[in-house]
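Trainee: Contents are compact mmCIF, C-alpha atoms and all ligand atoms; file name data.txt:
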```txt
# COMPACT_ATOMS: atom_id res chain seq x y z
CA MET A 1 13.42 7.30 -14.61
CA SER A 2 10.47 5.32 -15.91
CA GLN A 3 10.71 7.04 -19.30
CA ASP A 4 14.37 6.07 -19.61
CA THR A 5 14.64 2.55 -20.97
CA ASP A 6 18.44 2.54 -20.49
CA TYR A 7 18.20 3.10 -16.74
CA GLN A 8 20.41 0.60 -14.85
CA VAL A 9 19.60 -0.99 -11.50
CA GLU A 10 22.40 -0.09 -9.11
CA ASP A 11 24.68 -3.08 -8.39
CA ALA A 12 22.39 -5.61 -10.07
CA ASP A 13 23.99 -8.27 -12.25
CA PRO A 14 23.41 -8.01 -16.02
CA GLU A 15 20.85 -10.84 -16.10
CA ILE A 16 18.64 -9.09 -13.57
CA GLN A 17 19.15 -5.76 -15.37
CA SER A 18 18.01 -7.39 -18.59
CA LEU A 19 14.95 -9.06 -17.01
CA LEU A 20 13.74 -5.82 -15.38
CA LYS A 21 14.33 -3.83 -18.54
CA SER A 22 12.33 -6.34 -20.61
CA VAL A 23 9.44 -6.33 -18.13
CA TYR A 24 9.38 -2.55 -18.27
CA GLN A 25 9.68 -2.27 -22.06
CA GLU A 26 7.19 -5.01 -22.82
CA TYR A 27 4.61 -4.50 -20.08
CA GLY A 28 5.25 -1.03 -18.55
CA TYR A 29 5.98 -2.29 -15.00
CA ASP A 30 9.13 -0.63 -13.69
CA PHE A 31 10.74 -2.49 -10.79
CA ARG A 32 14.20 -1.01 -11.33
CA GLY A 33 13.84 1.28 -8.30
CA TYR A 34 12.98 -1.52 -5.85
CA ALA A 35 15.36 -2.41 -3.01
CA LEU A 36 17.81 -4.83 -4.57
CA ALA A 37 18.27 -7.52 -1.89
CA SER A 38 14.58 -8.32 -1.60
CA LEU A 39 14.06 -7.92 -5.34
CA LYS A 40 16.78 -10.51 -6.09
CA HIS A 41 15.30 -12.89 -3.54
CA ARG A 42 11.87 -12.64 -5.17
CA ILE A 43 13.20 -13.03 -8.68
CA TRP A 44 14.83 -16.29 -7.61
CA GLN A 45 11.57 -17.37 -5.97
CA SER A 46 9.95 -16.83 -9.35
CA VAL A 47 12.70 -18.85 -11.08
CA TRP A 48 11.87 -21.81 -8.81
CA GLN A 49 8.13 -21.38 -9.10
CA GLU A 50 8.28 -21.33 -12.90
CA ASN A 51 10.47 -24.45 -13.04
CA VAL A 52 13.23 -22.76 -14.98
CA THR A 53 16.90 -22.85 -14.05
CA ALA A 54 18.12 -19.29 -14.46
CA VAL A 55 17.08 -15.66 -14.77
CA PRO A 56 17.42 -15.40 -18.60
CA GLU A 57 15.04 -18.36 -18.97
CA LEU A 58 12.57 -16.63 -16.66
CA GLU A 59 12.86 -13.50 -18.79
CA GLN A 60 12.01 -15.46 -21.95
CA LYS A 61 9.07 -17.18 -20.29
CA ILE A 62 7.67 -13.86 -19.03
CA LEU A 63 8.00 -12.36 -22.51
CA ARG A 64 6.22 -15.35 -24.09
CA GLU A 65 3.46 -15.89 -21.53
CA PRO A 66 1.43 -13.03 -20.03
CA ALA A 67 0.15 -15.49 -17.37
CA CYS A 68 3.76 -15.92 -16.21
CA LEU A 69 4.00 -12.14 -15.85
CA GLU A 70 0.90 -12.18 -13.61
CA ARG A 71 2.54 -14.76 -11.32
CA PHE A 72 5.78 -12.75 -11.34
CA LEU A 73 3.88 -9.58 -10.34
CA LEU A 74 2.23 -11.41 -7.45
CA ILE A 75 5.61 -12.59 -6.14
CA LEU A 76 7.08 -9.10 -6.42
CA ALA A 77 4.07 -7.46 -4.74
CA THR A 78 5.07 -8.55 -1.19
CA ASN A 79 1.47 -8.14 -0.16
CA THR A 80 1.59 -9.35 3.45
CA THR A 81 -1.04 -7.58 5.50
CA THR A 82 -3.64 -8.11 8.23
CA MET A 83 -6.55 -6.29 9.85
CA PHE A 84 -5.67 -3.51 12.28
CA ARG A 85 -2.01 -4.26 11.57
CA ASP A 86 0.19 -2.68 14.28
CA PRO A 87 -2.87 -1.71 16.39
CA GLY A 88 -1.05 1.27 17.96
CA PHE A 89 -1.30 3.00 14.60
CA TYR A 90 -5.10 2.84 14.70
CA LEU A 91 -5.16 3.95 18.30
CA ALA A 92 -3.10 7.02 17.34
CA CYS A 93 -5.47 7.63 14.41
CA ARG A 94 -8.47 7.60 16.77
CA GLN A 95 -6.82 9.96 19.20
CA LYS A 96 -4.98 12.34 16.88
CA ILE A 97 -6.33 12.14 13.33
CA VAL A 98 -10.06 11.68 13.90
CA PRO A 99 -10.43 15.08 15.67
CA LEU A 100 -8.77 16.75 12.65
CA LEU A 101 -10.93 14.89 10.14
CA ARG A 102 -14.07 15.97 12.04
CA THR A 103 -13.34 19.57 11.05
CA TYR A 104 -13.95 18.80 7.34
CA PRO A 105 -17.47 18.60 5.87
CA PHE A 106 -16.25 15.91 3.46
CA VAL A 107 -13.15 13.76 3.92
CA ARG A 108 -10.89 12.26 1.23
CA ILE A 109 -8.44 9.54 2.28
CA TRP A 110 -5.85 7.83 0.08
CA HIS A 111 -4.86 4.34 1.17
CA VAL A 112 -1.64 3.67 -0.79
CA GLY A 113 -0.47 0.08 -1.41
CA CYS A 114 -3.68 -1.29 0.12
CA SER A 115 -2.91 -4.94 -0.72
CA ALA A 116 -5.88 -7.32 -0.28
CA GLY A 117 -7.89 -4.70 1.61
CA GLN A 118 -7.69 -5.78 5.26
CA ASP A 119 -6.16 -2.44 6.24
CA VAL A 120 -8.85 -0.54 4.33
CA CYS A 121 -11.65 -2.51 5.97
CA SER A 122 -10.07 -1.72 9.35
CA LEU A 123 -10.02 1.98 8.58
CA ALA A 124 -13.65 1.86 7.42
CA ILE A 125 -14.64 0.25 10.76
CA LEU A 126 -12.74 2.90 12.73
CA LEU A 127 -14.38 5.74 10.77
CA TRP A 128 -17.79 4.09 11.21
CA GLU A 129 -17.35 3.94 14.97
CA GLU A 130 -16.23 7.57 15.04
CA GLY A 131 -19.27 8.71 13.03
CA LEU A 132 -17.11 9.83 10.08
CA TYR A 133 -17.68 7.07 7.57
CA GLU A 134 -20.76 8.62 5.93
CA ARG A 135 -18.86 11.71 4.84
CA THR A 136 -15.64 9.97 3.80
CA ARG A 137 -14.37 8.55 0.53
CA ILE A 138 -11.44 6.15 0.81
CA TYR A 139 -9.41 5.82 -2.39
CA ALA A 140 -7.66 2.47 -2.00
CA THR A 141 -4.94 1.80 -4.57
CA ASP A 142 -2.36 -0.84 -5.34
CA ILE A 143 -0.12 -1.73 -8.27
CA ASN A 144 -1.54 -5.23 -8.46
CA GLU A 145 -4.97 -5.79 -10.04
CA THR A 146 -5.20 -9.44 -8.91
CA ILE A 147 -4.81 -8.39 -5.28
CA LEU A 148 -7.34 -5.59 -5.75
CA GLN A 149 -9.92 -8.06 -7.04
CA GLN A 150 -9.56 -9.94 -3.78
CA ALA A 151 -9.88 -6.65 -1.87
CA ARG A 152 -13.10 -5.68 -3.67
CA SER A 153 -14.77 -8.92 -2.55
CA GLY A 154 -14.54 -7.97 1.16
CA VAL A 155 -14.00 -11.66 1.93
CA PHE A 156 -11.06 -12.85 4.04
CA PRO A 157 -9.83 -16.24 5.34
CA LEU A 158 -11.55 -17.47 8.48
CA GLY A 159 -8.27 -18.77 9.91
CA MET A 160 -7.14 -15.20 10.67
CA ILE A 161 -10.22 -14.10 12.58
CA ALA A 162 -8.76 -14.52 16.10
CA GLU A 163 -5.80 -12.31 15.15
CA TYR A 164 -8.11 -9.74 13.54
CA ALA A 165 -10.31 -9.59 16.66
CA ARG A 166 -7.30 -9.25 18.99
CA ASN A 167 -5.85 -6.43 16.88
CA TYR A 168 -9.27 -4.73 16.77
CA ARG A 169 -9.49 -4.68 20.56
CA GLN A 170 -5.91 -3.38 20.90
CA ALA A 171 -6.72 -0.71 18.32
CA GLY A 172 -9.43 0.69 20.60
CA GLY A 173 -12.38 -1.08 18.94
CA ARG A 174 -15.65 -0.12 20.64
CA ARG A 175 -17.99 -3.01 19.82
CA SER A 176 -17.94 -6.73 19.44
CA PHE A 177 -15.80 -7.41 16.35
CA SER A 178 -18.32 -10.03 15.20
CA ASP A 179 -20.85 -7.22 14.58
CA TYR A 180 -19.00 -6.46 11.35
CA TYR A 181 -18.99 -9.80 9.58
CA THR A 182 -20.77 -13.05 8.89
CA ILE A 183 -19.18 -16.43 8.26
CA ARG A 184 -19.99 -18.15 4.99
CA ASP A 185 -18.30 -21.22 3.44
CA ASN A 186 -15.46 -20.99 5.94
CA GLN A 187 -14.74 -17.39 5.01
CA VAL A 188 -15.25 -14.09 6.76
CA VAL A 189 -17.58 -11.81 4.80
CA PHE A 190 -17.50 -8.20 5.99
CA HIS A 191 -20.62 -6.05 5.94
CA PRO A 192 -21.09 -4.59 2.42
CA ARG A 193 -21.63 -1.15 3.96
CA LEU A 194 -17.89 -1.10 4.71
CA GLN A 195 -17.21 -1.20 0.95
CA GLU A 196 -19.71 1.45 -0.15
CA ASN A 197 -17.49 4.47 0.42
CA VAL A 198 -14.34 2.82 -0.90
CA ILE A 199 -13.07 3.34 -4.44
CA TRP A 200 -10.60 0.64 -5.47
CA ALA A 201 -8.20 1.41 -8.31
CA THR A 202 -4.84 0.39 -9.69
CA HIS A 203 -2.18 3.04 -9.21
CA ASN A 204 1.53 2.56 -9.69
CA LEU A 205 3.67 4.76 -7.45
CA VAL A 206 6.58 4.45 -9.88
CA THR A 207 4.87 5.70 -12.99
CA ASP A 208 1.52 7.31 -12.10
CA ALA A 209 0.83 10.86 -11.00
CA SER A 210 -1.31 12.22 -8.19
CA PHE A 211 -5.05 12.15 -8.85
CA ASN A 212 -6.61 14.25 -6.07
CA GLU A 213 -5.87 16.21 -2.88
CA PHE A 214 -6.34 14.26 0.33
CA HIS A 215 -6.89 15.05 3.99
CA PHE A 216 -5.18 11.86 5.12
CA ILE A 217 -2.80 9.53 3.27
CA LEU A 218 -1.82 6.13 4.68
CA CYS A 219 1.26 4.55 3.13
CA ARG A 220 2.41 1.80 5.48
CA ASN A 221 4.96 -0.92 4.72
CA VAL A 222 5.40 0.22 1.12
CA LEU A 223 8.41 2.61 1.02
CA ILE A 224 10.53 -0.12 2.59
CA HIS A 225 10.45 -2.02 -0.72
CA PHE A 226 11.98 0.87 -2.68
CA ASN A 227 15.54 2.19 -3.07
CA SER A 228 16.36 5.74 -1.99
CA TRP A 229 15.76 7.18 -5.46
CA LEU A 230 12.27 5.76 -5.67
CA GLN A 231 11.48 6.65 -2.04
CA GLU A 232 12.28 10.23 -2.98
CA ARG A 233 9.90 10.17 -5.92
CA VAL A 234 7.11 8.69 -3.82
CA CYS A 235 7.66 11.14 -0.93
CA ARG A 236 7.32 14.03 -3.39
CA LEU A 237 4.14 12.51 -4.84
CA LEU A 238 2.59 12.00 -1.39
CA HIS A 239 3.50 15.51 -0.26
CA GLU A 240 1.95 17.02 -3.38
CA SER A 241 -1.19 14.93 -2.89
CA LEU A 242 -1.96 16.30 0.60
CA VAL A 243 -4.05 19.40 1.33
CA ARG A 244 -2.34 21.91 3.61
CA LEU A 245 -2.80 20.61 7.18
CA GLY A 246 -3.42 17.14 5.80
CA VAL A 247 -1.71 14.14 7.46
CA LEU A 248 0.65 11.50 6.12
CA GLY A 249 0.77 8.21 8.08
CA LEU A 250 3.75 5.90 7.47
CA GLY A 251 3.38 3.61 10.49
CA SER A 252 5.96 2.51 13.04
CA GLN A 253 7.97 0.32 10.65
CA GLU A 254 9.11 3.18 8.43
CA SER A 255 10.39 6.75 8.64
CA LEU A 256 10.17 9.72 6.39
CA PRO A 257 13.44 9.66 4.44
CA SER A 258 15.32 12.95 4.59
CA GLY A 259 14.71 15.29 1.68
CA PRO A 260 13.18 18.67 0.84
CA TRP A 261 9.68 17.50 1.89
CA THR A 262 10.76 17.17 5.56
CA THR A 263 10.66 20.98 5.92
CA GLY A 264 6.97 20.89 4.98
CA TYR A 265 5.86 18.61 7.83
CA GLU A 266 5.37 18.81 11.58
CA ILE A 267 5.63 15.52 13.49
CA MET A 268 2.31 14.57 15.12
CA ASP A 269 3.35 11.16 16.41
CA ALA A 270 7.02 10.18 16.33
CA HIS A 271 6.38 6.47 16.93
CA GLU A 272 3.51 5.92 14.51
CA LYS A 273 5.12 8.33 12.00
CA LEU A 274 2.21 10.68 11.59
CA TYR A 275 3.25 13.89 9.83
CA ARG A 276 1.11 16.98 9.30
CA LYS A 277 1.74 19.07 6.20
CA MET A 278 2.23 22.67 7.32
CA ARG A 279 3.46 24.16 4.05
CA ASP A 280 4.46 23.20 0.51
CA ALA A 281 8.05 22.02 0.52
CA PHE A 282 8.61 22.39 -3.23
C1 LIG B 301 3.47 -5.12 2.43
S1 LIG B 301 2.07 -4.59 1.51
C2 LIG B 301 1.43 -3.35 2.60
C3 LIG B 301 -0.08 -3.48 2.76
C4 LIG B 301 -0.69 -2.55 3.81
N1 LIG B 301 -0.42 -1.17 3.51
C5 LIG B 301 -0.15 -2.90 5.18
O1 LIG B 301 0.59 -2.11 5.77
O2 LIG B 301 -0.51 -3.97 5.68
C6 LIG B 301 2.84 -3.63 0.22
C7 LIG B 301 1.88 -3.30 -0.91
O3 LIG B 301 2.48 -2.33 -1.77
C8 LIG B 301 2.09 -2.63 -3.09
N2 LIG B 301 3.03 -2.01 -4.04
C9 LIG B 301 4.29 -2.43 -4.34
N3 LIG B 301 4.81 -1.65 -5.30
C10 LIG B 301 3.88 -0.71 -5.59
C11 LIG B 301 3.83 0.36 -6.51
N4 LIG B 301 4.85 0.62 -7.32
N5 LIG B 301 2.71 1.13 -6.55
C12 LIG B 301 1.66 0.86 -5.73
N6 LIG B 301 1.64 -0.16 -4.85
C13 LIG B 301 2.73 -0.93 -4.78
C14 LIG B 301 2.12 -4.14 -3.15
O4 LIG B 301 1.35 -4.65 -4.23
C15 LIG B 301 1.56 -4.52 -1.79
O5 LIG B 301 0.19 -4.75 -1.84
```
Step by step, read the file and then write its structure as structure tokens.
Mentor:
Amino acid sequence: MSQDTDYQVEDADPEIQSLLKSVYQEYGYDFRGYALASLKHRIWQSVWQENVTAVPELEQKILREPACLERFLLILATNTTTMFRDPGFYLACRQKIVPLLRTYPFVRIWHVGCSAGQDVCSLAILLWEEGLYERTRIYATDINETILQQARSGVFPLGMIAEYARNYRQAGGRRSFSDYYTIRDNQVVFHPRLQENVIWATHNLVTDASFNEFHFILCRNVLIHFNSWLQERVCRLLHESLVRLGVLGLGSQESLPSGPWTTGYEIMDAHEKLYRKMRDAF
């Protein structure tokens, strides 16, 4: 789809079609496979933010001003996240995934759509407590470079710390959460050790290919933003990026859409949507 510049967004009005086509042709970002209702809502948010009155005006402004594109990308990113988000997921990881990861001499994890990094930092803490961090590389990727810059800093807003600590405890945290950070200038600065085994990179699920084989892939709260066509593409990509017996974690908010890949997985945790790849499905 991303090669086809005449691709049409299902049911979108012509102005939105035109905007998305221009963004793709001019800048290479292809949002035409995103779920339409939320996409429309965000496009209109951008119209208001940019002080223009309609979608065609927004299109012209984006084409004229790269800075406007950056703001548009941030609005479309839907990058809401927190530390130890949905703590039950981390609890299931400790109980069901950690024993599997222990069997590998070296562990590769792909954290897809990592947003500003809170989820990655949480995973690093869990692996540290389980004695696995030293032999793990976490490849943390997102479409949005601005968000990744924030993630690389390892610095998060102080106002969220009570929620982070509560989630940590519910996720089976073993120490005092304050062991992992210091407070500086009203911000929470996590221990730099938690960044050392993390490789941050931009990766676009719509247009980019797989780049390694992983023992564990986390892709939570990302598929929900895509239409069924794009979900299918991403499910194929994730399946192909797992080693045999590797695990895909989608989290409790999403399910594996039906498709050929489903025959390749065994369900490890039906609530937290942990799937183990038993065979190649393609
Ligand atoms: C709601 S956040 C999820 C963050 C984290 N995984 C969590 O569960 O808290 C969705 C993330 O997906 C990223 N994203 C959206 N489209 C993407 C794409 N085409 N390729 C890679 N990442 C994408 C967004 O930038 C955003 O950071």
Trainee: Can you tell me, as an MDAnalysis selection string, what residues are no more than 9 Å from range 93-101 of chain A when counting all atoms listed in the file, ignoring any on the same chain fewer than 2 positions away?
Mentor: chainID A and resid 88:91 103:107 126:127 130 132 171:172 215:216 245:247 249 268:269 274
Trainee: Pull the closest atom pair for each residue of chain A that gets at most 7 Å from ligand LIG 301 (chain B), along with the distance in Å to one decimal, counting only C-alpha atoms and all ligand atoms, ordering rows by chain and then ascending residue number, as a Markdown table.
Mentor:
```
| residue | atom | partner | partner_atom | distance |
| --- | --- | --- | --- | --- |
| A:Ala77 | CA | B:LIG301 | O4 | 3.9 |
| A:Thr78 | CA | B:LIG301 | C1 | 5.2 |
| A:Asn79 | CA | B:LIG301 | S1 | 4.0 |
| A:Thr80 | CA | B:LIG301 | C1 | 4.7 |
| A:Thr81 | CA | B:LIG301 | O2 | 3.7 |
| A:Thr82 | CA | B:LIG301 | O2 | 5.8 |
| A:Arg85 | CA | B:LIG301 | O2 | 6.1 |
| A:Val112 | CA | B:LIG301 | N6 | 6.5 |
| A:Gly113 | CA | B:LIG301 | O3 | 3.8 |
| A:Cys114 | CA | B:LIG301 | N1 | 4.7 |
| A:Ser115 | CA | B:LIG301 | O5 | 3.3 |
| A:Ala116 | CA | B:LIG301 | O5 | 6.8 |
| A:Asp119 | CA | B:LIG301 | O2 | 5.9 |
| A:Thr141 | CA | B:LIG301 | C12 | 6.8 |
| A:Asp142 | CA | B:LIG301 | N6 | 4.1 |
| A:Ile143 | CA | B:LIG301 | C12 | 4.0 |
| A:Asn144 | CA | B:LIG301 | O4 | 5.2 |
| A:His203 | CA | B:LIG301 | C12 | 5.6 |
| A:Asn204 | CA | B:LIG301 | N5 | 3.6 |
| A:Leu205 | CA | B:LIG301 | N5 | 3.9 |
| A:Val206 | CA | B:LIG301 | N4 | 4.9 |
| A:Cys219 | CA | B:LIG301 | N1 | 6.0 |
| A:Arg220 | CA | B:LIG301 | O1 | 4.3 |
| A:Asn221 | CA | B:LIG301 | O1 | 4.6 |
| A:Val222 | CA | B:LIG301 | C6 | 4.7 |
```
Trainee: Have a look at A:Gln25, A:Gln17, A:Gln150, A:Asn227 and name the one nearest to Ile43 in chain A; count only C-alpha atoms.
Mentor: A:Gln17
Trainee: Have a look at A:Asp280, A:Glu65, A:Glu26, A:Glu145 and name the one nearest to Trp200 in chain A; count all atoms listed in the file.
Mentor: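 Counting all atoms listed in the file, the residue closest to Trp200 in chain A is A:Glu145.
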Trainee: Quick one, how far is CA of Glu15 in chain A from CA of Ser228 in chain A?
Mentor: 22.2 Å
Trainee: I want to know what sits within 12 Å of Glu196 in chain A, based on only C-alpha atoms, with residues of the same chain fewer than 5 positions away left out; could you give that as a ChimeraX atom specification?
Mentor: /A:120-121,124,128,133-139,152-154,190-191
Trainee: What would range 14-43 of chain A look like with N, CA and C atoms in place, written as a JSON list (two decimals), in the frame of the given file?
Mentor:
```
[["chain", "number", "residue", "atom", "x", "y", "z"],
["A", 14, "PRO", "N", 23.98, -8.32, -14.70],
["A", 14, "PRO", "CA", 23.41, -8.01, -16.02],
["A", 14, "PRO", "C", 22.14, -8.81, -16.33],
["A", 15, "GLU", "N", 22.04, -10.03, -15.79],
["A", 15, "GLU", "CA", 20.85, -10.84, -16.10],
["A", 15, "GLU", "C", 19.60, -10.22, -15.46],
["A", 16, "ILE", "N", 19.78, -9.73, -14.25],
["A", 16, "ILE", "CA", 18.64, -9.09, -13.57],
["A", 16, "ILE", "C", 18.31, -7.76, -14.25],
["A", 17, "GLN", "N", 19.37, -7.02, -14.63],
["A", 17, "GLN", "CA", 19.15, -5.76, -15.37],
["A", 17, "GLN", "C", 18.29, -6.04, -16.60],
["A", 18, "SER", "N", 18.68, -7.09, -17.32],
["A", 18, "SER", "CA", 18.01, -7.39, -18.59],
["A", 18, "SER", "C", 16.55, -7.79, -18.35],
["A", 19, "LEU", "N", 16.32, -8.63, -17.34],
["A", 19, "LEU", "CA", 14.95, -9.06, -17.01],
["A", 19, "LEU", "C", 14.07, -7.84, -16.70],
["A", 20, "LEU", "N", 14.56, -6.96, -15.82],
["A", 20, "LEU", "CA", 13.74, -5.82, -15.38],
["A", 20, "LEU", "C", 13.49, -4.85, -16.54],
["A", 21, "LYS", "N", 14.50, -4.72, -17.39],
["A", 21, "LYS", "CA", 14.33, -3.83, -18.54],
["A", 21, "LYS", "C", 13.28, -4.39, -19.50],
["A", 22, "SER", "N", 13.32, -5.71, -19.71],
["A", 22, "SER", "CA", 12.33, -6.34, -20.61],
["A", 22, "SER", "C", 10.92, -6.19, -20.05],
["A", 23, "VAL", "N", 10.78, -6.43, -18.74],
["A", 23, "VAL", "CA", 9.44, -6.33, -18.13],
["A", 23, "VAL", "C", 8.91, -4.90, -18.30],
["A", 24, "TYR", "N", 9.80, -3.95, -18.12],
["A", 24, "TYR", "CA", 9.38, -2.55, -18.27],
["A", 24, "TYR", "C", 9.02, -2.23, -19.73],
["A", 25, "GLN", "N", 9.92, -2.63, -20.66],
["A", 25, "GLN", "CA", 9.68, -2.27, -22.06],
["A", 25, "GLN", "C", 8.46, -2.98, -22.63],
["A", 26, "GLU", "N", 8.28, -4.22, -22.23],
["A", 26, "GLU", "CA", 7.19, -5.01, -22.82],
["A", 26, "GLU", "C", 5.85, -4.75, -22.15],
["A", 27, "TYR", "N", 5.88, -4.56, -20.81],
["A", 27, "TYR", "CA", 4.61, -4.50, -20.08],
["A", 27, "TYR", "C", 4.39, -3.18, -19.31],
["A", 28, "GLY", "N", 5.41, -2.34, -19.21],
["A", 28, "GLY", "CA", 5.25, -1.03, -18.55],
["A", 28, "GLY", "C", 5.42, -1.05, -17.04],
["A", 29, "TYR", "N", 5.74, -2.22, -16.45],
["A", 29, "TYR", "CA", 5.98, -2.29, -15.00],
["A", 29, "TYR", "C", 7.46, -2.03, -14.73],
["A", 30, "ASP", "N", 7.74, -1.02, -13.92],
["A", 30, "ASP", "CA", 9.13, -0.63, -13.69],
["A", 30, "ASP", "C", 9.56, -0.97, -12.27],
["A", 31, "PHE", "N", 10.30, -2.06, -12.12],
["A", 31, "PHE", "CA", 10.74, -2.49, -10.79],
["A", 31, "PHE", "C", 12.21, -2.11, -10.54],
["A", 32, "ARG", "N", 12.77, -1.28, -11.43],
["A", 32, "ARG", "CA", 14.20, -1.01, -11.33],
["A", 32, "ARG", "C", 14.57, -0.15, -10.13],
["A", 33, "GLY", "N", 13.57, 0.47, -9.49],
["A", 33, "GLY", "CA", 13.84, 1.28, -8.30],
["A", 33, "GLY", "C", 13.51, 0.55, -7.01],
["A", 34, "TYR", "N", 13.29, -0.76, -7.07],
["A", 34, "TYR", "CA", 12.98, -1.52, -5.85],
["A", 34, "TYR", "C", 14.28, -1.90, -5.13],
["A", 35, "ALA", "N", 14.18, -2.07, -3.82],
["A", 35, "ALA", "CA", 15.36, -2.41, -3.01],
["A", 35, "ALA", "C", 15.93, -3.74, -3.51],
["A", 36, "LEU", "N", 17.23, -3.74, -3.79],
["A", 36, "LEU", "CA", 17.81, -4.83, -4.57],
["A", 36, "LEU", "C", 17.80, -6.19, -3.87],
["A", 37, "ALA", "N", 18.13, -6.22, -2.57],
["A", 37, "ALA", "CA", 18.27, -7.52, -1.89],
["A", 37, "ALA", "C", 16.96, -8.30, -1.96],
["A", 38, "SER", "N", 15.87, -7.63, -1.61],
["A", 38, "SER", "CA", 14.58, -8.32, -1.60],
["A", 38, "SER", "C", 14.11, -8.62, -3.03],
["A", 39, "LEU", "N", 14.43, -7.71, -3.94],
["A", 39, "LEU", "CA", 14.06, -7.92, -5.34],
["A", 39, "LEU", "C", 14.72, -9.20, -5.89],
["A", 40, "LYS", "N", 16.03, -9.32, -5.61],
["A", 40, "LYS", "CA", 16.78, -10.51, -6.09],
["A", 40, "LYS", "C", 16.16, -11.78, -5.51],
["A", 41, "HIS", "N", 15.87, -11.74, -4.22],
["A", 41, "HIS", "CA", 15.30, -12.89, -3.54],
["A", 41, "HIS", "C", 13.99, -13.31, -4.22],
["A", 42, "ARG", "N", 13.17, -12.34, -4.56],
["A", 42, "ARG", "CA", 11.87, -12.64, -5.17],
["A", 42, "ARG", "C", 12.01, -13.11, -6.61],
["A", 43, "ILE", "N", 12.97, -12.56, -7.30],
["A", 43, "ILE", "CA", 13.20, -13.03, -8.68],
["A", 43, "ILE", "C", 13.59, -14.51, -8.66]]
```
